[in-house]
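The structure under discussion appears below in the form of structure tokens.
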Amino acid sequence: MSASKLALISYWRNSGLVESERVLQAFESIDREDFVLRQHKEDAYLDEPLPLMEGQTISQPTTVAIMTQASEIEPGMKVLEIGSGSGYQAAILSKLAGREGNVFTIERIKKLVNYARKTLKGFRNVSVIHADGTKGYSKEAPYDRIVVTAAASELPKDIFKQLKPNGMMVIPIEDHLFKITKVKGRPQMQDLGLFVFVPLIVGRA
């Protein structure tokens with residue numbers, strides 16, 4: 001493990017920012033440098049977003065860690081990710097869902113779809129889907145967990161419907177991150193604080 005990666009994970013562990021040992025171990029097992037563009041590999045463990053193609057970014061590592069921990073993913077779960085990006089978050093989710101679980105990650109930008117399929121080639125429980133993520137992915141619904149990596153203006157009802165009873169969604173809405181649990185068909189929302197994300201955009205698949 002590189003010194004910069006070790007320092008970042010040690011910071012999360014020692015500060016108590018990330019308390020789940022399973023989440024920390026998942027991050028230890030995945031190399032962020034495999035998911036950034038070649039010209040940014042030396043900056044892989046800076047705790048900041050890095051550019052991808054088409055004006056998109058790979059999220060700040062601490063943001064990914066907080067979202068991942070909030071998702072409370074257990075082995076064997078079926079997970080939907082909206083916004084594949086470079087595939088980094090999906091790789092972490094894959095480790096947590098385990099061999100018996102499945103991760104479906106959906107991306108509207110074809111260049112990123114191709115890039116994520118390349119970076120995630122060795123992850124057998126991950127499927128990268130080229131489609132409009134604002135509609136979720138009803139083909140494989142319902143899901144135990146849904147992780148949305150782009151900011152919505154309000155709770156997307158079509159995506160929320162695809163959660164199982166007592167399932168959980170982690171999603172940025174405007175400039176706040178929320179953990180939303182489906183309780184008797186209704187959203188129970190927990191505000192996790194201020195965050196900055198690219199917007200959730202309807203685009204042609």
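The way I read the labels, and the way they are meant: chains A, B, ... in the order of the structure tokens, residue 1 as the first residue of every chain, and ligand 1 as the first ligand shown, with later ones counted on from there.
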
Range 49-115 of chain A near range 149-173 of chain A within 10 Å: what's each residue's closest atom pair and its distance in Å to one decimal, counting only C-alpha atoms, ordered by chain then ascending residue number, as JSON lines?
{"residue": "A:Ile58", "atom": "CA", "partner": "A:Thr149", "partner_atom": "CA", "distance": 9.7}
{"residue": "A:Ser59", "atom": "CA", "partner": "A:Thr149", "partner_atom": "CA", "distance": 8.4}
{"residue": "A:Thr63", "atom": "CA", "partner": "A:Thr149", "partner_atom": "CA", "distance": 9.8}
{"residue": "A:Val64", "atom": "CA", "partner": "A:Thr149", "partner_atom": "CA", "distance": 8.8}
{"residue": "A:Ile66", "atom": "CA", "partner": "A:Val170", "partner_atom": "CA", "distance": 9.9}
{"residue": "A:Met67", "atom": "CA", "partner": "A:Val170", "partner_atom": "CA", "distance": 6.6}
{"residue": "A:Thr68", "atom": "CA", "partner": "A:Val170", "partner_atom": "CA", "distance": 8.5}
{"residue": "A:Gln69", "atom": "CA", "partner": "A:Val170", "partner_atom": "CA", "distance": 9.9}
{"residue": "A:Ala70", "atom": "CA", "partner": "A:Val170", "partner_atom": "CA", "distance": 7.0}
{"residue": "A:Ser71", "atom": "CA", "partner": "A:Val170", "partner_atom": "CA", "distance": 6.2}
{"residue": "A:Glu72", "atom": "CA", "partner": "A:Met168", "partner_atom": "CA", "distance": 8.5}
{"residue": "A:Ile73", "atom": "CA", "partner": "A:Met168", "partner_atom": "CA", "distance": 9.4}
{"residue": "A:Lys78", "atom": "CA", "partner": "A:Lys164", "partner_atom": "CA", "distance": 9.9}
{"residue": "A:Val79", "atom": "CA", "partner": "A:Leu163", "partner_atom": "CA", "distance": 9.5}
{"residue": "A:Leu80", "atom": "CA", "partner": "A:Met169", "partner_atom": "CA", "distance": 9.2}
{"residue": "A:Glu81", "atom": "CA", "partner": "A:Thr149", "partner_atom": "CA", "distance": 7.5}
{"residue": "A:Ile82", "atom": "CA", "partner": "A:Thr149", "partner_atom": "CA", "distance": 6.1}
{"residue": "A:Gly83", "atom": "CA", "partner": "A:Thr149", "partner_atom": "CA", "distance": 5.5}
{"residue": "A:Ser84", "atom": "CA", "partner": "A:Thr149", "partner_atom": "CA", "distance": 8.0}
{"residue": "A:Gly85", "atom": "CA", "partner": "A:Thr149", "partner_atom": "CA", "distance": 8.6}
{"residue": "A:Gln89", "atom": "CA", "partner": "A:Thr149", "partner_atom": "CA", "distance": 8.8}

Per residue of range 14-62 of chain A within 12 Å of range 97-102 of chain A, record the nearest atom pair and its distance in Å to one decimal, counting only C-alpha atoms, with rows in chain order and ascending residue number, as a Markdown table.
| residue | atom | partner | partner_atom | distance |
| --- | --- | --- | --- | --- |
| A:Arg22 | CA | A:Ala97 | CA | 10.8 |
| A:Val23 | CA | A:Ala97 | CA | 11.0 |
| A:Ala26 | CA | A:Ala97 | CA | 10.3 |

DSSP on the backbone, strand (DSSP E or B) only: what residues of range 1-117 of chain A does that give? Format it as a list in words.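 Put together, the selection reads Leu50, Pro51, Thr57, Ile58, Lys78, Val79, Leu80, Glu81, Ile82, Asn102, Val103, Phe104, Thr105, Ile106 and Glu107 of chain A.
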
DSSP on the backbone: what in range 153-185 of chain A comes out alpha helix (DSSP H), as a PyMOL selection string? chain A and resi 157-160

Could you give me, as an mmCIF file with N, CA and C atoms, in the first residue's frame, the residues within 8 Å of Arg117 in chain A, counting only C-alpha atoms and dropping anything in the same chain fewer than 4 positions from it?
data_model
loop_
_atom_site.group_PDB
_atom_site.id
_atom_site.type_symbol
_atom_site.label_atom_id
_atom_site.label_comp_id
_atom_site.auth_asym_id
_atom_site.auth_seq_id
_atom_site.Cartn_x
_atom_site.Cartn_y
_atom_site.Cartn_z
ATOM 1 N N GLY A 87 -15.947 4.154 -12.134
ATOM 2 C CA GLY A 87 -16.131 2.817 -11.578
ATOM 3 C C GLY A 87 -15.588 2.644 -10.174
ATOM 4 N N VAL A 113 -19.089 5.034 -19.595
ATOM 5 C CA VAL A 113 -19.527 3.632 -19.589
ATOM 6 C C VAL A 113 -18.383 2.730 -20.052
ATOM 7 N N LYS A 121 -13.488 -4.569 -15.094
ATOM 8 C CA LYS A 121 -13.485 -5.839 -15.828
ATOM 9 C C LYS A 121 -13.317 -7.050 -14.919
ATOM 10 N N VAL A 128 -22.205 -2.833 -15.620
ATOM 11 C CA VAL A 128 -22.237 -1.414 -15.983
ATOM 12 C C VAL A 128 -23.293 -1.224 -17.071
#

Tell me, as a PyMOL selection string, which residues lie within 12 Å of range 104-106 of chain A, counting only C-alpha atoms; anything in the same chain fewer than 6 positions away does not count. chain A and resi 77-94+97+112-114+116-117+120+123-150+205

With only C-alpha atoms as the atoms that count, which of A:Ile9, A:Val103, A:Ala44, A:Ile109 lies nearest to Phe27 in chain A? A:Ile9

Could you produce a table of the residues of range 46-158 of chain A lying within 12 Å of range 3-6 of chain A, with the nearest pair of atoms per residue and their separation in Å rounded to one decimal, using only C-alpha atoms, ordered by chain and increasing residue number, as JSON lines?
{"residue": "A:Leu46", "atom": "CA", "partner": "A:Ser4", "partner_atom": "CA", "distance": 7.9}
{"residue": "A:Asp47", "atom": "CA", "partner": "A:Lys5", "partner_atom": "CA", "distance": 10.0}
{"residue": "A:Pro61", "atom": "CA", "partner": "A:Lys5", "partner_atom": "CA", "distance": 10.2}
{"residue": "A:Thr62", "atom": "CA", "partner": "A:Lys5", "partner_atom": "CA", "distance": 11.9}
